[in-house]
Amino acid sequence: MTIKVIGAGFGRTGTLSLKHALEMLGFGRCYHMMEAGPAGHFGLWEVAAQAENPDWHGIFADFGATVDWPAATFWRSLIGYYPNAKVILSVRDSAEAWFESTQKTIFSEQLVAMLPPEMKDMLWHTIWRLFDGKINDRDRCIEVYERHNAEVIAAIPDDKLLVYKPGDGWEPLCNFLGRPVPPEPYPRLNDSAAFLEGIGNMDRFNGGKH
């Protein structure tokens, strides 16, 4: 199996819903942060973050698409490795909305305090260092988010890139990927309220390790 769709959007841009949408469209399993722990990939991501030529096949051998962090950090390398893949840049309506969502969920002090050390190490190498560790600093986070999105848009040809917002639904996604619109509604998963309801269950992140 090879990666056919690369999600370049940061976490908290509708990536879990997009993961399920891509799987519904027949792209096979879609890699997301929630896969890293159960797959035992924390160490592999640390190595990838420090390698000149990461072993992408070793991480994505069983997957046909990827969205969310940690893969989104490495979008340039992934495009080089999977040159025929299409790229989806998931974004929020505003950088401010994205930042507020991160602070309630993935960058919240409550969640970070619950993470096992091996996951914190992986997150530092693949995500937190993008922000110089300042994951609660509004100005720094928004600067990095906006620069990242601008770099993706500048680098990817229009015919290979879809800028996609939560709420856009099936039509632009299916038109871009050349797939028929499914009869089922577009999935709506993991909004901030749902995330907070499940924050006590860390199995989804770390493969059952506390």
# chains A, B, ... in the order shown; residues from 1 in each chain; ligands from 1

$ residues_around --residues "Gly28 (chain A)" --least-positions-apart "2" --cutoff "10 Å" --atoms "only C-alpha atoms" --output "JSON list (two decimals) with C-alpha atoms, in the first residue's frame"
[["chain", "number", "residue", "atom", "x", "y", "z"],
["A", 1, "MET", "CA", 0.00, 0.00, 0.00],
["A", 2, "THR", "CA", 1.16, 3.54, -0.70],
["A", 3, "ILE", "CA", 0.06, 6.92, 0.59],
["A", 4, "LYS", "CA", -2.36, 8.53, -1.89],
["A", 20, "HIS", "CA", -12.89, 8.81, 8.66],
["A", 22, "LEU", "CA", -11.02, 9.33, 3.56],
["A", 23, "GLU", "CA", -11.53, 5.81, 4.84],
["A", 24, "MET", "CA", -15.18, 5.96, 3.75],
["A", 25, "LEU", "CA", -14.00, 7.04, 0.29],
["A", 26, "GLY", "CA", -11.91, 3.90, -0.07],
["A", 30, "CYS", "CA", -5.75, 6.70, 7.29],
["A", 31, "TYR", "CA", -2.97, 7.53, 9.73],
["A", 62, "ASP", "CA", -0.38, -0.41, 6.21],
["A", 63, "PHE", "CA", -1.93, 2.97, 5.38],
["A", 64, "GLY", "CA", -3.30, 4.62, 2.25],
["A", 65, "ALA", "CA", -3.59, 8.16, 3.59]]

$ residues_around --residues "region 163-167 of chain A" --least-positions-apart "3" --cutoff "9 Å" --atoms "only C-alpha atoms" --output "list in words"
Gly9, Thr13, Gly14, Thr15, Ser17, Leu18, Val87, Ile88, Leu89, Ser90, Val91, Arg92, Asp93, Ile153, Pro172, Leu173, Tyr186 and Arg188 of chain A

$ write_last_selection --atoms "N, CA and C atoms" --output "short mmCIF file (atom, residue, chain, number, x, y, z; two decimals), in the first residue's frame"
data_model
loop_
_atom_site.label_atom_id
_atom_site.label_comp_id
_atom_site.auth_asym_id
_atom_site.auth_seq_id
_atom_site.Cartn_x
_atom_site.Cartn_y
_atom_site.Cartn_z
N GLY A 9 -2.61 19.62 7.17
CA GLY A 9 -3.17 20.52 8.17
C GLY A 9 -2.79 20.13 9.58
N THR A 13 -7.99 20.83 13.19
CA THR A 13 -8.57 21.42 11.98
C THR A 13 -9.55 20.43 11.33
N GLY A 14 -10.21 19.62 12.16
CA GLY A 14 -11.16 18.64 11.63
C GLY A 14 -10.51 17.38 11.12
N THR A 15 -9.32 17.06 11.62
CA THR A 15 -8.56 15.95 11.04
C THR A 15 -9.13 14.58 11.35
N SER A 17 -12.34 13.82 11.70
CA SER A 17 -13.45 13.66 10.75
C SER A 17 -12.93 13.38 9.35
N LEU A 18 -11.86 14.09 8.96
CA LEU A 18 -11.28 13.88 7.64
C LEU A 18 -10.69 12.49 7.51
N VAL A 87 -2.62 16.46 -1.82
CA VAL A 87 -2.42 17.10 -0.52
C VAL A 87 -3.69 17.84 -0.11
N ILE A 88 -4.11 17.61 1.12
CA ILE A 88 -5.25 18.33 1.69
C ILE A 88 -4.74 19.17 2.87
N LEU A 89 -4.93 20.47 2.76
CA LEU A 89 -4.58 21.37 3.85
C LEU A 89 -5.87 21.72 4.59
N SER A 90 -6.09 21.07 5.71
CA SER A 90 -7.27 21.38 6.52
C SER A 90 -6.97 22.59 7.38
N VAL A 91 -7.93 23.50 7.43
CA VAL A 91 -7.75 24.76 8.16
C VAL A 91 -9.04 25.08 8.92
N ARG A 92 -8.94 25.98 9.89
CA ARG A 92 -10.12 26.49 10.58
C ARG A 92 -10.57 27.79 9.93
N ASP A 93 -11.73 28.28 10.34
CA ASP A 93 -12.23 29.55 9.80
C ASP A 93 -11.29 30.70 10.10
N ILE A 153 0.50 26.24 0.79
CA ILE A 153 -0.21 26.79 -0.36
C ILE A 153 0.77 27.26 -1.43
N PRO A 172 -16.56 19.23 -2.20
CA PRO A 172 -15.21 19.63 -2.63
C PRO A 172 -14.18 18.52 -2.44
N LEU A 173 -14.35 17.73 -1.40
CA LEU A 173 -13.42 16.63 -1.15
C LEU A 173 -13.51 15.58 -2.24
N TYR A 186 -21.39 13.39 5.95
CA TYR A 186 -19.96 13.57 6.25
C TYR A 186 -19.76 13.39 7.76
N ARG A 188 -18.74 13.80 11.58
CA ARG A 188 -18.47 14.94 12.47
C ARG A 188 -17.97 14.38 13.79
#

$ atom_distance --atom1 "CA of Phe176 (chain A)" --atom2 "CA of Ile106 (chain A)"
29.1 Å

$ closest_residue --among "A:Met119, A:Val112, A:Ala85, A:Ile127" --to "Ala71 (chain A)" --atoms "only C-alpha atoms"
A:Ile127

$ select_by_dssp --residues "chain A" --states "helix (DSSP H, G or I)" --output "ChimeraX atom specification"
/A:15-24,33-36,42-50,56-60,71-81,95-104,109-114,117-126,128-131,138-155,158-160,170-177,192-197,203-206

$ residues_around --residues "Lys160 (chain A)" --least-positions-apart "2" --cutoff "8 Å" --atoms "only C-alpha atoms" --output "number ranges by chain"
A: 85-87, 156-158, 162

$ write_last_selection --atoms "C-alpha atoms" --output "mmCIF file, in the first residue's frame"
data_model
loop_
_atom_site.group_PDB
_atom_site.id
_atom_site.type_symbol
_atom_site.label_atom_id
_atom_site.label_comp_id
_atom_site.auth_asym_id
_atom_site.auth_seq_id
_atom_site.Cartn_x
_atom_site.Cartn_y
_atom_site.Cartn_z
ATOM 1 C CA ALA A 85 -0.128 11.812 -3.583
ATOM 2 C CA LYS A 86 -2.628 14.631 -3.398
ATOM 3 C CA VAL A 87 -2.423 17.098 -0.518
ATOM 4 C CA ILE A 156 1.881 22.723 -3.827
ATOM 5 C CA PRO A 157 0.432 23.150 -7.342
ATOM 6 C CA ASP A 158 -3.262 24.010 -7.411
ATOM 7 C CA LEU A 162 -7.241 21.208 -1.602
#

$ atom_distance --atom1 "CA of His41 (chain A)" --atom2 "CA of Arg12 (chain A)"
20.8 Å

$ residues_around --residues "Arg129 (chain A)" --least-positions-apart "4" --cutoff "12 Å" --atoms "only C-alpha atoms" --output "ChimeraX atom specification"
/A:49,70,73,120-125,133-135,140-141,144

$ select_by_dssp --residues "chain A" --states "strand (DSSP E or B)" --output "list in words"
Val5, Ile6, Gly7, Cys30, Tyr31, Ala65, Thr66, Lys86, Val87, Ile88, Leu89, Ser90, Leu161, Leu162, Val163 and Tyr164 of chain A
